[in-house]
Each structure stands twice: as C-alpha cells, then as structure tokens.
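Structure record follows, encoded as structure tokens.
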Amino acid sequence: MPLQIIRQDVTKMQVDAVVNTTNEEMVGYSGVDLAIHQAAGPEMDAACAKLAPLGLGTAKITPGFNMDAKYIIHTSGPVWRGGLCGEKIILKSCYVESLKLAVEYGCNTVAFPLISAGAYGYPKDQVLSYAVQVISEFLYDHELMVYLCVYDRTSYEFSRQLFAELKEVIGIDFEEEREFLCASRPLMEDYECECDSAPSFSPCASAPAPRKKATPALFEHRRVQESSAQNKSLHEYMQTMEKTFAYKLFDLIDERGMTDVECYKKANVDKKTFSKIKCNPDTYKPSKQTAVAFAIALQLNLDETQELLACAGLTLSRSFAFDKIIRYFIQKGIYDIFVINEALFEFDQVLLGC
C-alpha cells in the first residue's frame, strides 16, 4: 500500500530514504535525531556540519552512510507554542519538502518518524492524523511507498471518543456472534440446528434465536434447484455464476463515474497491484484488506460491500475485530481510508490497501 503505518524503529527500516527530524543546527542531540546519527556513524556529523543551518520546514539530504537506507533526509520541525505561531504550516512543509526531495533523488520507498511528536511537544492527538493527511495528499499525485513509523503508543494519542465507541463495538455480546455463526451454517443445519444439544464450548450452544423448521416445500425447492443445476452443461453453469471480483470492481468504478487512478489512490492500493487486476481479471483474487479498501474507495454501503466481497469468496462477519471496525465505519458513512486505518492500527489489525 502507498502509505503504511507501522510500529518500528525508523533507524531499522530498509528503504531508499529515512527522514530525520532534527534541529536547525543539524546536531543529533536527542530522540530520533540522536539515534540516526549514531546508526549512520561519524561521517553523518561531518556531512551535517557542512549543510547547516537548516531552516524550519525545509529539508536537506545526505547519504545514509552506515544505515540500511541509501539517503537520510533531514528536516526541522516546529516547537509547539500553542498553535498560534504557524506550527501546522511548518509541520506540513516538513513532510512535503522531504517527499519532494525523495522524488527528486529517485527514491521509491521512504520512512518517516512522527515529526515534532516528542520533545517539541506537538499535540499527540493531532500529530498522527495530520501526518497521514499531508502524506496522502502528496501521494495522490505521486507513485511512492511511504512508511510512517510509530515507535510506541506514547508518541501519539488516538481519539478517545472514537476509541471508546470502537471498543464497545468490538466487545459486542457473544450471543450475537453465536447467532451469526448458526445462521451461516449449511442449509439443513440452518433449519435444524442442534444448538441445544451442542457441547458447551460450541459457539452455537444455547443460541437464543428461534429456529425455522424444515418443511416438505423447502425440500422440494432444494431438489428442484439441484436438478436444474445437474441438467446444465458446465459452460451453461459457469455462465450463470457471478462476475469475478475484477469485473465487478470495474463495473462499480464506471457506475461511480471514477477513473481507475482515482479509485486505486483512494483505496490506498499501488499502481502495480491495480495493473495486476487489470491484466488478470478472470483469475485475480484479492486479499480481504484489498477488497475492503476498494469498497471504501467506492463508498459502498454494507450490502454493496458484501456483494463485492462475495465475488472474491469473502465476507464481513460479526465475529472478528477487523470486520466489526469496518462495519462500524461503513454504517457511520465514514469513508476516509486513512481514518479507518488509524483505527485499525490502534486495535492492532491489518490495514486497508495493498
């Protein structure tokens, strides 16, 4: 995926360029700055001494020296002074100017720390979401893989209200999940579920939902369906099957009046992955996070999302944290993929995109 939030020490990233948040003198005195100087070795100190001073919101580049990264991009972030001294403008410039340098030097992969999130005091409830916003805006016009490295939970603060709501959603009483599991069994089990006699560890045990009874009409309906399928040739049978995921996706893109580029950018999917879908429409099978990402980009409602996922043999259940979080945002009509990814990241779930 073009933008990925990960828990990792930025100095350990094997990328084309690592961004270093430093001071105007470019002296590694603490935090990420000190760690990068130590990892790069003494040659970094000499190189930075020649480039200093570094203006606020600007960026300069050096070799990576002893680090795995080919380049180190140095930028000087703002000290938080209450938000009235242009801190947001400076912070945005740090990200944008660093990304511009990465593109200029032919980098395909870049790793950022959270700029100004530590000793500089930028509010923790703003720093991650603003970084994601600025980077995603830049990526809309550029093909680049960007990693946003969050060292630990102390470096940012997820929305408390949203966290509380999602925690409640994820913690829905298991009775509802048991009902769902019973409902998803094969047809005969659906109508004659032996929940009452199931072992105590079974998710269907003591399910409160009333069960429908199998009737002669039901058996006859099923027999007719099976007989009809048996009388068809394989070619005729295959023609009645649902479209593949790719063809369904292309239809939805056209229906929404979107371009391919607009769709895969909004889905946080890279150009190579979308090209693979275009070149292999009959056989391509997406991962769940990629399929859901396209549903979010297309702003599908819950039923439409399930229909798209079904074309890939997937579904959103009521049983897993990832699925519950996705359901929550779709039902709320929130389709910002990076807001959703921030929530997934907070709950240690796989992120949307590819």
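We label chains A, B, ... in the order they appear in the structure tokens, count residues from 1 in each chain, and number ligands from 1 in the order shown.
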Item to check | Spatial neighbours of stretch 103-107 of chain A, max dist 10 Å, only C-alpha atoms, sep filter under 6 positions, as a PyMOL selection string | outcome: chain A and resi 15-17+61+70-71+97+142-145
Would you put the residues from that selection into a file with N, CA and C atoms, as a short mmCIF file (atom, residue, chain, number, x, y, z; two decimals), in the first residue's frame?
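Result file result-v3.cif:
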```cif
data_model
loop_
_atom_site.label_atom_id
_atom_site.label_comp_id
_atom_site.auth_asym_id
_atom_site.auth_seq_id
_atom_site.Cartn_x
_atom_site.Cartn_y
_atom_site.Cartn_z
N VAL A 15 14.89 1.02 3.48
CA VAL A 15 14.19 1.82 2.47
C VAL A 15 15.20 2.68 1.73
N ASP A 16 14.73 3.34 0.68
CA ASP A 16 15.62 4.22 -0.07
C ASP A 16 16.02 5.44 0.74
N ALA A 17 15.06 5.97 1.51
CA ALA A 17 15.36 7.17 2.30
C ALA A 17 14.66 7.13 3.65
N ILE A 61 19.45 16.70 2.21
CA ILE A 61 19.70 15.27 2.08
C ILE A 61 21.18 14.94 2.19
N LYS A 70 19.63 4.34 1.71
CA LYS A 70 20.59 4.98 0.80
C LYS A 70 20.79 6.45 1.16
N TYR A 71 19.68 7.10 1.57
CA TYR A 71 19.74 8.52 1.90
C TYR A 71 19.11 8.79 3.26
N GLU A 97 8.32 18.91 1.82
CA GLU A 97 9.67 19.15 1.30
C GLU A 97 10.51 17.88 1.35
N HIS A 142 1.69 11.28 -6.79
CA HIS A 142 2.99 10.63 -6.94
C HIS A 142 2.90 9.14 -6.60
N GLU A 143 3.70 8.34 -7.31
CA GLU A 143 3.78 6.91 -7.02
C GLU A 143 4.98 6.69 -6.10
N LEU A 144 4.68 6.44 -4.84
CA LEU A 144 5.73 6.33 -3.83
C LEU A 144 5.22 5.49 -2.67
N MET A 145 6.09 4.68 -2.08
CA MET A 145 5.72 3.89 -0.92
C MET A 145 6.25 4.58 0.32
#
```
Next on the checklist: Can you tell me which residues surround A:Gln4 at a distance of at most 10 Å, considering only C-alpha atoms, apart from same-chain residues fewer than 5 positions away, and format the answer as a PyMOL selection string?
Outcome noted: chain A and resi 111+132+145-149+268+338+341-342+345+351-354
Next on the checklist: List the spatial neighbours of stretch 284-288 of chain A as an NGL selection string - criterion: any atom at most 8 Å away, only C-alpha atoms, same-chain residues fewer than 6 positions off excluded.
Outcome noted: :A and (245-246 or 276-277 or 309 or 312 or 314)
Item to check | Residue contacts of A:Asn301 (9 Å, only C-alpha atoms) excluding same-chain residues fewer than 6 positions away, as an MDAnalysis selection string | outcome: chainID A and resid 295 330:331 333
Checklist entry - Which residue, A:Val269, A:Ile337, A:Lys278, A:Asp33, has the smallest gap to A:Ile296 when you use only C-alpha atoms? => result A:Ile337
Item to check | Residue contacts of A:Phe347 (10 Å, only C-alpha atoms) excluding same-chain residues fewer than 3 positions away, as a VMD selection string | outcome: chain A and resid 163 166 to 167 170 321 to 322 325 341 to 344 350
Next, the residues of the selection above should be written as a JSON list (two decimals), in the first residue's frame with C-alpha atoms.
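Listed below is the output, selection-v9.json:
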```json
[["chain", "number", "residue", "atom", "x", "y", "z"],
["A", 163, "PHE", "CA", -11.62, 4.51, 20.79],
["A", 166, "LEU", "CA", -14.98, 1.10, 18.71],
["A", 167, "LYS", "CA", -14.09, -0.74, 21.89],
["A", 170, "ILE", "CA", -15.70, -4.85, 19.18],
["A", 321, "ALA", "CA", -12.44, -7.18, 15.35],
["A", 322, "PHE", "CA", -11.36, -6.20, 11.81],
["A", 325, "ILE", "CA", -14.44, -1.97, 12.75],
["A", 341, "ASN", "CA", -6.53, 2.67, 9.01],
["A", 342, "GLU", "CA", -5.65, 4.76, 12.04],
["A", 343, "ALA", "CA", -8.42, 2.98, 13.95],
["A", 344, "LEU", "CA", -7.30, -0.44, 12.68],
["A", 350, "VAL", "CA", -4.24, -5.34, 9.39]]
```
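Distance-wise, atom CA of A:Ser275 and atom CA of A:Ser129 end up 29.3 Å apart.
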Checklist entry - DSSP on the backbone: what in stretch 34-145 of chain A comes out strand (DSSP E or B), as JSON, numbers by chain? => result {"A": [56, 59, 60, 61, 62, 63, 71, 72, 73, 74, 75, 76, 109, 110, 111, 112, 145]}
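For A:Gln126, the residues within 8 Å (counting only C-alpha atoms, excluding itself and residues fewer than 3 positions away along the chain) are A:Tyr122, A:Pro123, A:Ser129, A:Tyr130, A:Tyr156, A:Glu157.
You can rank A:Lys50, A:Lys60, A:Lys92, A:Lys265 by their closest distance to A:Gly77 using only C-alpha atoms, and at the top of that list sits A:Lys92.
Coordinates place atom CA of A:Ser116 at a distance of 7.3 Å from atom CA of A:Thr21.
Proximity of A:Val27, A:Cys311, A:Met44, A:Leu114 to A:Val10, computed with only C-alpha atoms, is greatest for A:Leu114.
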Checklist entry - Using only C-alpha atoms, which of the listed residues (A:Leu300, A:Thr58, A:Asp348, A:Gly313) sits closest to A:Ile334? => result A:Leu300
